[in-house]
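Dropping protein-v8.txt in here (compact mmCIF, C-alpha atoms):
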```txt
# COMPACT_ATOMS: atom_id res chain seq x y z
CA MET T 1 -8.37 -12.07 -21.03
CA GLY T 2 -7.85 -10.13 -17.80
CA LEU T 3 -5.67 -7.07 -17.31
CA LEU T 4 -3.19 -9.07 -15.22
CA GLU T 5 -3.30 -12.36 -17.09
CA GLY T 6 -0.09 -14.33 -16.50
CA LYS T 7 1.32 -11.94 -13.91
CA ASN T 8 2.58 -12.83 -10.44
CA ILE T 9 1.66 -10.20 -7.85
CA LEU T 10 2.54 -9.78 -4.17
CA VAL T 11 -0.06 -7.85 -2.16
CA THR T 12 1.13 -6.82 1.29
CA GLY T 13 -0.86 -5.67 4.27
CA VAL T 14 -4.02 -7.72 3.80
CA THR T 15 -6.05 -7.61 7.01
CA MET T 16 -9.82 -7.19 6.96
CA ASN T 17 -12.04 -7.55 3.91
CA THR T 18 -12.69 -3.81 4.16
CA SER T 19 -9.07 -2.97 3.29
CA ILE T 20 -7.87 -1.69 -0.06
CA ALA T 21 -5.24 -4.47 -0.10
CA TYR T 22 -7.95 -7.13 0.18
CA ALA T 23 -9.88 -5.57 -2.70
CA VAL T 24 -6.69 -5.42 -4.77
CA ALA T 25 -5.91 -9.09 -4.16
CA ASP T 26 -9.47 -10.10 -4.99
CA ILE T 27 -9.68 -8.09 -8.21
CA ALA T 28 -6.16 -9.08 -9.28
CA GLN T 29 -7.13 -12.73 -9.14
CA ARG T 30 -10.26 -12.06 -11.15
CA GLU T 31 -8.08 -10.24 -13.71
CA GLY T 32 -5.93 -13.34 -14.17
CA ALA T 33 -3.02 -12.78 -11.78
CA THR T 34 -1.42 -15.33 -9.50
CA VAL T 35 -1.56 -13.55 -6.16
CA VAL T 36 0.44 -14.04 -3.00
CA VAL T 37 -0.52 -12.00 0.04
CA SER T 38 1.53 -11.15 3.11
CA ALA T 39 0.90 -10.14 6.69
CA ALA T 40 2.99 -9.83 9.83
CA GLY T 41 2.77 -10.95 13.43
CA ARG T 42 -0.67 -11.35 14.91
CA ALA T 43 -2.24 -10.27 11.63
CA VAL T 44 -1.17 -13.49 9.89
CA SER T 45 -3.96 -15.65 11.32
CA LEU T 46 -6.47 -12.87 10.70
CA ALA T 47 -5.35 -12.50 7.09
CA ARG T 48 -5.54 -16.25 6.54
CA ARG T 49 -9.16 -16.29 7.66
CA VAL T 50 -10.03 -13.25 5.58
CA VAL T 51 -8.51 -14.44 2.29
CA SER T 52 -10.21 -17.80 2.69
CA ARG T 53 -13.43 -15.98 1.77
CA MET T 54 -12.17 -15.31 -1.75
CA ASP T 55 -13.28 -17.59 -4.58
CA GLN T 56 -9.70 -18.86 -4.67
CA ALA T 57 -7.69 -18.33 -1.50
CA PRO T 58 -4.25 -16.96 -2.40
CA GLU T 59 -1.04 -18.24 -0.84
CA LEU T 60 -0.02 -16.31 2.26
CA ILE T 61 3.46 -15.61 3.61
CA GLU T 62 4.54 -13.97 6.84
CA LEU T 63 6.56 -10.87 6.06
CA ASP T 64 7.56 -8.36 8.73
CA VAL T 65 9.31 -5.49 6.96
CA THR T 66 11.19 -4.60 10.16
CA ASN T 67 12.71 -8.10 10.34
CA PRO T 68 15.93 -8.44 8.29
CA GLU T 69 15.57 -12.22 8.18
CA HIS T 70 12.07 -11.96 6.72
CA LEU T 71 13.30 -9.56 4.03
CA ALA T 72 16.31 -11.73 3.25
CA GLY T 73 14.13 -14.79 2.76
CA ALA T 74 11.22 -13.15 0.94
CA ALA T 75 12.53 -13.73 -2.59
CA ASP T 76 13.10 -17.43 -1.91
CA GLN T 77 9.62 -17.82 -0.44
CA LEU T 78 8.03 -16.23 -3.49
CA ARG T 79 10.27 -18.18 -5.88
CA GLU T 80 8.87 -21.39 -4.41
CA LEU T 81 5.29 -20.18 -4.85
CA VAL T 82 5.32 -18.41 -8.22
CA GLY T 83 8.61 -19.31 -9.88
CA GLY T 84 11.42 -16.98 -10.82
CA GLU T 85 9.44 -13.92 -11.90
CA LEU T 86 7.49 -11.28 -10.01
CA HIS T 87 5.54 -8.72 -12.01
CA GLY T 88 4.08 -6.54 -9.29
CA ILE T 89 4.37 -5.48 -5.66
CA VAL T 90 1.55 -3.72 -3.82
CA HIS T 91 2.83 -1.82 -0.79
CA SER T 92 -0.01 -1.45 1.70
CA ILE T 93 1.95 -1.20 4.93
CA ALA T 94 1.74 1.61 7.46
CA TYR T 95 1.85 2.07 11.21
CA ALA T 96 2.27 4.86 13.73
CA ASP T 97 1.54 4.60 17.43
CA PRO T 98 -1.98 6.05 17.73
CA GLU T 99 -1.40 7.35 21.25
CA LYS T 100 2.03 8.91 20.75
CA ALA T 101 2.14 9.89 17.08
CA LEU T 102 -1.44 10.69 16.09
CA GLY T 103 -4.47 12.57 17.32
CA GLY T 104 -2.81 15.92 17.99
CA ALA T 105 0.37 14.63 19.65
CA PHE T 106 2.66 15.96 16.91
CA LEU T 107 4.63 18.43 19.01
CA SER T 108 5.44 15.94 21.78
CA THR T 109 6.24 12.77 19.82
CA ASP T 110 9.63 11.24 20.60
CA TRP T 111 12.12 10.15 17.93
CA GLU T 112 11.81 6.43 18.70
CA THR T 113 8.10 6.58 17.89
CA VAL T 114 8.72 8.68 14.77
CA SER T 115 11.48 6.40 13.52
CA GLN T 116 9.21 3.37 13.87
CA ALA T 117 6.52 5.08 11.81
CA LEU T 118 9.02 6.06 9.11
CA GLN T 119 10.58 2.61 8.90
CA ILE T 120 7.30 0.73 8.65
CA SER T 121 5.35 3.22 6.56
CA ALA T 122 7.99 4.63 4.17
CA TYR T 123 11.40 2.96 4.24
CA SER T 124 9.70 -0.43 3.86
CA MET T 125 8.75 0.42 0.28
CA GLN T 126 12.45 0.60 -0.57
CA SER T 127 13.56 -2.32 1.61
CA LEU T 128 10.83 -4.62 0.34
CA THR T 129 11.40 -3.69 -3.29
CA MET T 130 15.14 -4.28 -2.96
CA ALA T 131 14.56 -7.61 -1.23
CA LEU T 132 12.43 -8.75 -4.16
CA ARG T 133 14.39 -7.06 -6.93
CA PRO T 134 16.00 -10.35 -8.08
CA LEU T 135 12.52 -11.50 -9.13
CA LEU T 136 11.32 -8.27 -10.74
CA VAL T 137 11.38 -8.32 -14.53
CA ARG T 138 11.32 -5.54 -17.10
CA GLY T 139 7.79 -4.16 -17.14
CA SER T 140 7.21 -4.89 -13.44
CA SER T 141 5.24 -2.40 -11.36
CA VAL T 142 5.50 -1.35 -7.73
CA VAL T 143 2.37 0.38 -6.44
CA GLY T 144 1.98 1.93 -2.99
CA LEU T 145 -0.98 3.39 -1.15
CA THR T 146 -0.89 6.84 0.38
CA PHE T 147 -3.13 9.51 1.85
CA ASP T 148 -2.10 12.67 0.03
CA ALA T 149 0.66 14.18 2.18
CA THR T 150 1.21 17.34 0.17
CA VAL T 151 -0.93 19.07 2.81
CA SER T 152 -1.42 18.64 6.56
CA TRP T 153 -4.50 16.89 7.92
CA PRO T 154 -6.17 17.11 11.35
CA THR T 155 -5.08 14.31 13.74
CA TYR T 156 -2.91 12.57 11.07
CA ASP T 157 0.30 14.09 12.44
CA TRP T 158 3.39 11.85 12.09
CA MET T 159 1.62 9.43 9.79
CA GLY T 160 1.26 12.38 7.44
CA VAL T 161 5.02 12.92 7.65
CA ALA T 162 5.58 9.20 7.03
CA LYS T 163 3.31 9.32 3.99
CA ALA T 164 5.24 12.31 2.68
CA ALA T 165 8.38 10.20 3.00
CA LEU T 166 6.62 7.34 1.22
CA GLU T 167 5.69 9.62 -1.65
CA SER T 168 9.29 10.77 -2.00
CA THR T 169 10.51 7.17 -1.73
CA SER T 170 8.32 6.20 -4.65
CA ARG T 171 9.75 8.99 -6.77
CA TYR T 172 13.31 7.90 -6.03
CA LEU T 173 12.46 4.27 -6.77
CA ALA T 174 11.08 5.49 -10.09
CA ARG T 175 14.37 7.29 -10.78
CA TYR T 176 16.68 4.40 -9.93
CA LEU T 177 14.60 1.46 -11.20
CA GLY T 178 13.40 3.13 -14.39
CA PRO T 179 16.47 2.08 -16.41
CA ASP T 180 15.57 -1.54 -15.63
CA GLY T 181 12.02 -1.01 -16.88
CA ILE T 182 10.49 -1.15 -13.39
CA ARG T 183 7.80 1.40 -12.55
CA SER T 184 6.94 2.89 -9.15
CA ASN T 185 3.68 4.73 -8.54
CA LEU T 186 1.23 5.56 -5.77
CA VAL T 187 -2.52 5.70 -5.39
CA ALA T 188 -3.72 8.45 -3.06
CA ALA T 189 -7.06 7.18 -1.82
CA GLY T 190 -9.74 9.00 0.06
CA PRO T 191 -10.61 7.78 3.57
CA ILE T 192 -11.80 4.17 3.80
CA ASP T 193 -13.36 2.77 6.96
CA THR T 194 -10.59 0.26 7.68
CA VAL T 195 -9.13 -1.03 10.95
CA ALA T 196 -6.12 1.25 10.45
CA LYS T 197 -8.27 4.32 9.99
CA LYS T 198 -10.40 3.55 13.04
CA ALA T 199 -7.22 3.48 15.14
CA ILE T 200 -6.58 7.16 14.37
CA PRO T 201 -8.09 9.41 17.06
CA GLY T 202 -10.63 11.75 15.48
CA ALA T 203 -10.47 10.06 12.07
CA SER T 204 -14.23 10.38 11.67
CA THR T 205 -13.62 14.05 10.79
CA PHE T 206 -12.25 12.87 7.43
CA ASN T 207 -15.66 11.47 6.53
CA ASP T 208 -17.21 14.87 7.17
CA ILE T 209 -14.56 16.63 5.07
CA TRP T 210 -15.06 14.30 2.11
CA GLY T 211 -18.81 14.35 2.49
CA GLY T 212 -18.87 18.10 2.06
CA ARG T 213 -16.14 18.68 -0.51
CA ALA T 214 -15.60 15.72 -2.87
CA PRO T 215 -17.17 16.71 -6.25
CA LEU T 216 -17.95 13.09 -7.16
CA GLY T 217 -18.97 12.19 -3.64
CA TRP T 218 -17.16 9.54 -1.66
CA ASP T 219 -18.20 6.23 -0.10
CA THR T 220 -15.94 5.49 2.87
CA ALA T 221 -17.15 1.88 2.88
CA ASP T 222 -16.10 1.14 -0.71
CA ALA T 223 -12.44 0.24 -1.28
CA GLU T 224 -12.98 -0.89 -4.87
CA PRO T 225 -12.38 2.43 -6.69
CA ALA T 226 -8.91 2.74 -5.16
CA ALA T 227 -8.22 -0.95 -5.76
CA ARG T 228 -9.13 -0.61 -9.43
CA ALA T 229 -6.57 2.17 -9.82
CA VAL T 230 -3.92 -0.08 -8.29
CA ILE T 231 -4.86 -2.85 -10.73
CA ALA T 232 -4.55 -0.44 -13.65
CA LEU T 233 -1.07 0.64 -12.54
CA LEU T 234 -0.02 -2.99 -12.13
CA SER T 235 -1.15 -3.72 -15.67
CA ASP T 236 0.57 -3.00 -18.97
CA TRP T 237 -1.78 -0.09 -19.70
CA PHE T 238 0.59 2.47 -18.09
CA PRO T 239 3.94 1.43 -19.61
CA ALA T 240 5.45 4.93 -19.55
CA THR T 241 4.06 6.15 -16.22
CA THR T 242 6.31 6.16 -13.16
CA GLY T 243 6.91 8.43 -10.19
CA GLU T 244 3.22 9.37 -10.34
CA MET T 245 0.58 9.71 -7.63
CA VAL T 246 -2.94 8.98 -8.87
CA HIS T 247 -5.71 10.48 -6.76
CA VAL T 248 -8.76 8.31 -6.16
CA ASP T 249 -10.60 10.56 -3.74
CA GLY T 250 -13.77 11.71 -5.45
CA GLY T 251 -11.87 14.79 -6.66
CA LEU T 252 -11.41 16.38 -3.26
CA HIS T 253 -7.71 17.09 -3.90
CA SER T 254 -8.72 19.48 -6.67
CA THR T 255 -10.99 21.65 -4.55
CA GLY T 256 -10.38 24.56 -2.22
CA ALA T 257 -12.47 25.39 0.80
```
How does this structure look as structure tokens?
Amino acid sequence: MGLLEGKNILVTGVTMNTSIAYAVADIAQREGATVVVSAAGRAVSLARRVVSRMDQAPELIELDVTNPEHLAGAADQLRELVGGELHGIVHSIAYADPEKALGGAFLSTDWETVSQALQISAYSMQSLTMALRPLLVRGSSVVGLTFDATVSWPTYDWMGVAKAALESTSRYLARYLGPDGIRSNLVAAGPIDTVAKKAIPGASTFNDIWGGRAPLGWDTADAEPAARAVIALLSDWFPATTGEMVHVDGGLHSTGA
């Protein structure tokens, strides 16, 4: 019997097969879950092709977290696919304009660009969870993905600020949803060579940092360690854990210079 046997899970932000979200969806199915994946805009056709490579291609819905109509209809779409209960949401959604908000542009970024990054990368965890709350049952788990924003990183700039907002959002979701038995946690992964990471100017410096400092070492081409942590938090093995951020980064967060 798998860790997620009988559970219905939504995994957002599936793009390439190198992404953590893809690995989560794949492992979740192997652990017995019924998985639905989501993507937005031009990424929908890409996601459909990518998930078709899985042993069992999950259902896919279009879900743009900046579109009120998409959010309003999300619960009904999932109800048709998995019934009246949802046991887990994986938030793997982030975006900041790479030319205006990243790569050293922090001091000159305009508010419109910043607000877009905050809405897509942080506020969406709350808006998506609230849109799907009618389906969430006691024992459900919301798990987001972050890149530890308790410190500043070179070139990460306003995405770092957005991730800090995401981390706070998760804590407040934990506070307000806890009485209903719904958990909210984050996995802080080390750098993975995804499409999103490659869009960040100078992101290759992260590989050098992890290569020199992570006590356990770190493989930037392997999303599975982070995905396994997400699966564990979706499962019933952490029934009293919420508002937490689990580091899956080879231990780098624990080291100094």
Radius query 7 Å about (5.3, 3.0, 7.4), atoms used: all atoms listed in the file, as a PyMOL selection string: chain T and resi 93-95+117-124+162
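Among the candidates T:Val161, T:Val36, T:Leu186, T:Leu78, the one nearest to Leu136 in chain T when counting all atoms listed in the file is T:Leu78.
Each of T:Met245, T:Ala28, T:Ala240, T:Ala174 was compared to Ala149 in chain T using all atoms listed in the file, and T:Met245 turns out to be the nearest.
Pairwise distance (CA of Asn185 in chain T, CA of Leu234 in chain T) equals 9.3 Å.
The coordinates place CA of Ile89 in chain T at 11.6 Å from CA of Ser235 in chain T.
All polymer residues at most 12 Å from (-8.5, 5.2, -10.2), using only C-alpha atoms, appear as T:Leu145, T:Leu186, T:Val187, T:Ala188, T:Ala189, T:Gly190, T:Ala223, T:Glu224, T:Pro225, T:Ala226, T:Ala227, T:Arg228, T:Ala229, T:Val230, T:Ile231, T:Ala232, T:Leu233, T:Leu234, T:Met245, T:Val246, T:His247, T:Val248, T:Asp249, T:Gly250, T:Gly251.
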So which one's closest to Ala101 in chain T, T:Ile9, T:His87, T:Val114, T:Leu46? Using all atoms listed in the file, please. T:Val114
Contacts of Lys198 in chain T at 12 Å or less, counting all atoms listed in the file, minus same-chain residues fewer than 3 places along, as number ranges by chain? T: 18-19, 98, 102-103, 156, 191-195, 201-207, 220
Could you give me, as a PyMOL selection string, the residues within 12 Å of Ala57 in chain T, counting all atoms listed in the file and dropping anything in the same chain fewer than 6 positions from it? chain T and resi 22+25-26+29-30+34-37+47-51
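Distance-wise, CA of Ala199 in chain T and CA of Ser38 in chain T end up 20.9 Å apart.
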Using only C-alpha atoms, pick whichever of T:Arg53, T:Arg42, T:Arg133, T:Arg138 has the shortest atom-to-atom distance to Asn17 in chain T. T:Arg53
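Minimum atom-to-atom distance to Lys197 in chain T, evaluated using only C-alpha atoms, belongs to T:Ile20 out of T:Thr241, T:Ala164, T:Ile20, T:Ser115.
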If we count all atoms listed in the file and set the cut-off at 12 Å, which residues sit around Asp236 in chain T, ignoring sequence neighbours fewer than 5 positions away in its own chain? Please answer as a list in words. Gly2, Leu3, Leu4, Glu5, Gly6, Lys7, His87, Gly88, Arg138, Gly139, Ser140, Ser141, Gly181, Ile182, Arg183, Val230, Ile231 and Thr241 of chain T
Now that the selection is made, can you save its residues with C-alpha atoms as an mmCIF file, in the coordinates of the input?
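The resulting file, selection_7.cif, is reproduced below:
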```cif
data_model
loop_
_atom_site.group_PDB
_atom_site.id
_atom_site.type_symbol
_atom_site.label_atom_id
_atom_site.label_comp_id
_atom_site.auth_asym_id
_atom_site.auth_seq_id
_atom_site.Cartn_x
_atom_site.Cartn_y
_atom_site.Cartn_z
ATOM 1 C CA GLY T 2 -7.850 -10.130 -17.800
ATOM 2 C CA LEU T 3 -5.670 -7.070 -17.310
ATOM 3 C CA LEU T 4 -3.190 -9.070 -15.220
ATOM 4 C CA GLU T 5 -3.300 -12.360 -17.090
ATOM 5 C CA GLY T 6 -0.090 -14.330 -16.500
ATOM 6 C CA LYS T 7 1.320 -11.940 -13.910
ATOM 7 C CA HIS T 87 5.540 -8.720 -12.010
ATOM 8 C CA GLY T 88 4.080 -6.540 -9.290
ATOM 9 C CA ARG T 138 11.320 -5.540 -17.100
ATOM 10 C CA GLY T 139 7.790 -4.160 -17.140
ATOM 11 C CA SER T 140 7.210 -4.890 -13.440
ATOM 12 C CA SER T 141 5.240 -2.400 -11.360
ATOM 13 C CA GLY T 181 12.020 -1.010 -16.880
ATOM 14 C CA ILE T 182 10.490 -1.150 -13.390
ATOM 15 C CA ARG T 183 7.800 1.400 -12.550
ATOM 16 C CA VAL T 230 -3.920 -0.080 -8.290
ATOM 17 C CA ILE T 231 -4.860 -2.850 -10.730
ATOM 18 C CA THR T 241 4.060 6.150 -16.220
#
```
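Remark: for Val142 in chain T, the closest of the candidate residues T:Met159, T:Met54, T:Ile200, T:Leu86 is T:Leu86 (distances computed over only C-alpha atoms).
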Please list as a compact mmCIF listing (two decimals) with C-alpha atoms, in the coordinates of the input every residue within 10 Å of Thr109 in chain T, counting only C-alpha atoms and excluding residues in the same chain fewer than 6 positions away.
```txt
# COMPACT_ATOMS: atom_id res chain seq x y z
CA ASP T 97 1.54 4.60 17.43
CA GLU T 99 -1.40 7.35 21.25
CA LYS T 100 2.03 8.91 20.75
CA ALA T 101 2.14 9.89 17.08
CA LEU T 102 -1.44 10.69 16.09
CA ASP T 157 0.30 14.09 12.44
CA TRP T 158 3.39 11.85 12.09
```
Could you give me range 70-81 of chain T completed to all heavy atoms, formatted as a PDB file, keeping the file's coordinate frame?
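Wrote selection33.pdb, looks like this:
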```pdb
ATOM      1  N   HIS T  70      13.248 -11.834   7.580  1.00  0.00           N
ATOM      2  CA  HIS T  70      12.070 -11.960   6.720  1.00  0.00           C
ATOM      3  C   HIS T  70      12.356 -11.376   5.342  1.00  0.00           C
ATOM      4  O   HIS T  70      12.006 -11.967   4.316  1.00  0.00           O
ATOM      5  CB  HIS T  70      10.875 -11.249   7.351  1.00  0.00           C
ATOM      6  CG  HIS T  70      10.240 -12.013   8.459  1.00  0.00           C
ATOM      7  ND1 HIS T  70       8.927 -11.835   8.847  1.00  0.00           N
ATOM      8  CD2 HIS T  70      10.722 -12.982   9.290  1.00  0.00           C
ATOM      9  CE1 HIS T  70       8.647 -12.636   9.853  1.00  0.00           C
ATOM     10  NE2 HIS T  70       9.721 -13.334  10.140  1.00  0.00           N
ATOM     11  N   LEU T  71      12.990 -10.196   5.313  1.00  0.00           N
ATOM     12  CA  LEU T  71      13.300  -9.560   4.030  1.00  0.00           C
ATOM     13  C   LEU T  71      14.297 -10.404   3.246  1.00  0.00           C
ATOM     14  O   LEU T  71      14.156 -10.580   2.032  1.00  0.00           O
ATOM     15  CB  LEU T  71      13.858  -8.157   4.263  1.00  0.00           C
ATOM     16  CG  LEU T  71      12.852  -7.114   4.760  1.00  0.00           C
ATOM     17  CD1 LEU T  71      13.573  -5.824   5.142  1.00  0.00           C
ATOM     18  CD2 LEU T  71      11.786  -6.822   3.707  1.00  0.00           C
ATOM     19  N   ALA T  72      15.294 -10.939   3.930  1.00  0.00           N
ATOM     20  CA  ALA T  72      16.310 -11.730   3.250  1.00  0.00           C
ATOM     21  C   ALA T  72      15.735 -13.003   2.633  1.00  0.00           C
ATOM     22  O   ALA T  72      16.216 -13.479   1.599  1.00  0.00           O
ATOM     23  CB  ALA T  72      17.439 -12.084   4.227  1.00  0.00           C
ATOM     24  N   GLY T  73      14.707 -13.543   3.261  1.00  0.00           N
ATOM     25  CA  GLY T  73      14.130 -14.790   2.760  1.00  0.00           C
ATOM     26  C   GLY T  73      12.913 -14.621   1.872  1.00  0.00           C
ATOM     27  O   GLY T  73      12.379 -15.608   1.355  1.00  0.00           O
ATOM     28  N   ALA T  74      12.470 -13.378   1.675  1.00  0.00           N
ATOM     29  CA  ALA T  74      11.220 -13.150   0.940  1.00  0.00           C
ATOM     30  C   ALA T  74      11.305 -13.621  -0.503  1.00  0.00           C
ATOM     31  O   ALA T  74      10.361 -14.239  -1.023  1.00  0.00           O
ATOM     32  CB  ALA T  74      10.858 -11.659   0.983  1.00  0.00           C
ATOM     33  N   ALA T  75      12.409 -13.339  -1.180  1.00  0.00           N
ATOM     34  CA  ALA T  75      12.530 -13.730  -2.590  1.00  0.00           C
ATOM     35  C   ALA T  75      12.470 -15.246  -2.737  1.00  0.00           C
ATOM     36  O   ALA T  75      11.813 -15.771  -3.649  1.00  0.00           O
ATOM     37  CB  ALA T  75      13.833 -13.182  -3.178  1.00  0.00           C
ATOM     38  N   ASP T  76      13.129 -15.961  -1.829  1.00  0.00           N
ATOM     39  CA  ASP T  76      13.100 -17.430  -1.910  1.00  0.00           C
ATOM     40  C   ASP T  76      11.702 -17.972  -1.655  1.00  0.00           C
ATOM     41  O   ASP T  76      11.271 -18.931  -2.316  1.00  0.00           O
ATOM     42  CB  ASP T  76      14.077 -18.026  -0.891  1.00  0.00           C
ATOM     43  CG  ASP T  76      15.531 -17.847  -1.306  1.00  0.00           C
ATOM     44  OD1 ASP T  76      15.776 -17.657  -2.518  1.00  0.00           O
ATOM     45  OD2 ASP T  76      16.408 -17.897  -0.422  1.00  0.00           O
ATOM     46  N   GLN T  77      10.995 -17.377  -0.708  1.00  0.00           N
ATOM     47  CA  GLN T  77       9.620 -17.820  -0.440  1.00  0.00           C
ATOM     48  C   GLN T  77       8.744 -17.644  -1.677  1.00  0.00           C
ATOM     49  O   GLN T  77       7.980 -18.548  -2.052  1.00  0.00           O
ATOM     50  CB  GLN T  77       9.016 -17.019   0.714  1.00  0.00           C
ATOM     51  CG  GLN T  77       9.489 -17.411   2.082  1.00  0.00           C
ATOM     52  CD  GLN T  77       8.593 -16.837   3.164  1.00  0.00           C
ATOM     53  OE1 GLN T  77       7.517 -17.369   3.477  1.00  0.00           O
ATOM     54  NE2 GLN T  77       9.024 -15.735   3.745  1.00  0.00           N
ATOM     55  N   LEU T  78       8.858 -16.482  -2.307  1.00  0.00           N
ATOM     56  CA  LEU T  78       8.030 -16.230  -3.490  1.00  0.00           C
ATOM     57  C   LEU T  78       8.475 -17.085  -4.667  1.00  0.00           C
ATOM     58  O   LEU T  78       7.646 -17.531  -5.467  1.00  0.00           O
ATOM     59  CB  LEU T  78       8.101 -14.743  -3.853  1.00  0.00           C
ATOM     60  CG  LEU T  78       7.284 -13.831  -2.945  1.00  0.00           C
ATOM     61  CD1 LEU T  78       7.582 -12.379  -3.237  1.00  0.00           C
ATOM     62  CD2 LEU T  78       5.797 -14.095  -3.091  1.00  0.00           C
ATOM     63  N   ARG T  79       9.773 -17.337  -4.786  1.00  0.00           N
ATOM     64  CA  ARG T  79      10.270 -18.180  -5.880  1.00  0.00           C
ATOM     65  C   ARG T  79       9.644 -19.581  -5.798  1.00  0.00           C
ATOM     66  O   ARG T  79       9.303 -20.180  -6.819  1.00  0.00           O
ATOM     67  CB  ARG T  79      11.793 -18.259  -5.811  1.00  0.00           C
ATOM     68  CG  ARG T  79      12.430 -18.841  -7.066  1.00  0.00           C
ATOM     69  CD  ARG T  79      13.944 -18.784  -6.983  1.00  0.00           C
ATOM     70  NE  ARG T  79      14.465 -17.441  -7.236  1.00  0.00           N
ATOM     71  CZ  ARG T  79      15.047 -16.676  -6.322  1.00  0.00           C
ATOM     72  NH1 ARG T  79      15.160 -17.098  -5.062  1.00  0.00           N
ATOM     73  NH2 ARG T  79      15.507 -15.478  -6.641  1.00  0.00           N
ATOM     74  N   GLU T  80       9.486 -20.077  -4.588  1.00  0.00           N
ATOM     75  CA  GLU T  80       8.870 -21.390  -4.410  1.00  0.00           C
ATOM     76  C   GLU T  80       7.395 -21.388  -4.796  1.00  0.00           C
ATOM     77  O   GLU T  80       6.863 -22.394  -5.273  1.00  0.00           O
ATOM     78  CB  GLU T  80       9.004 -21.843  -2.950  1.00  0.00           C
ATOM     79  CG  GLU T  80      10.430 -22.179  -2.525  1.00  0.00           C
ATOM     80  CD  GLU T  80      10.498 -22.618  -1.088  1.00  0.00           C
ATOM     81  OE1 GLU T  80       9.419 -22.761  -0.462  1.00  0.00           O
ATOM     82  OE2 GLU T  80      11.612 -22.826  -0.580  1.00  0.00           O
ATOM     83  N   LEU T  81       6.732 -20.246  -4.612  1.00  0.00           N
ATOM     84  CA  LEU T  81       5.290 -20.180  -4.850  1.00  0.00           C
ATOM     85  C   LEU T  81       4.924 -19.811  -6.278  1.00  0.00           C
ATOM     86  O   LEU T  81       3.936 -20.311  -6.822  1.00  0.00           O
ATOM     87  CB  LEU T  81       4.653 -19.169  -3.888  1.00  0.00           C
ATOM     88  CG  LEU T  81       4.713 -19.524  -2.398  1.00  0.00           C
ATOM     89  CD1 LEU T  81       4.199 -18.365  -1.557  1.00  0.00           C
ATOM     90  CD2 LEU T  81       3.907 -20.786  -2.116  1.00  0.00           C
TER      91      LEU T  81
END
```
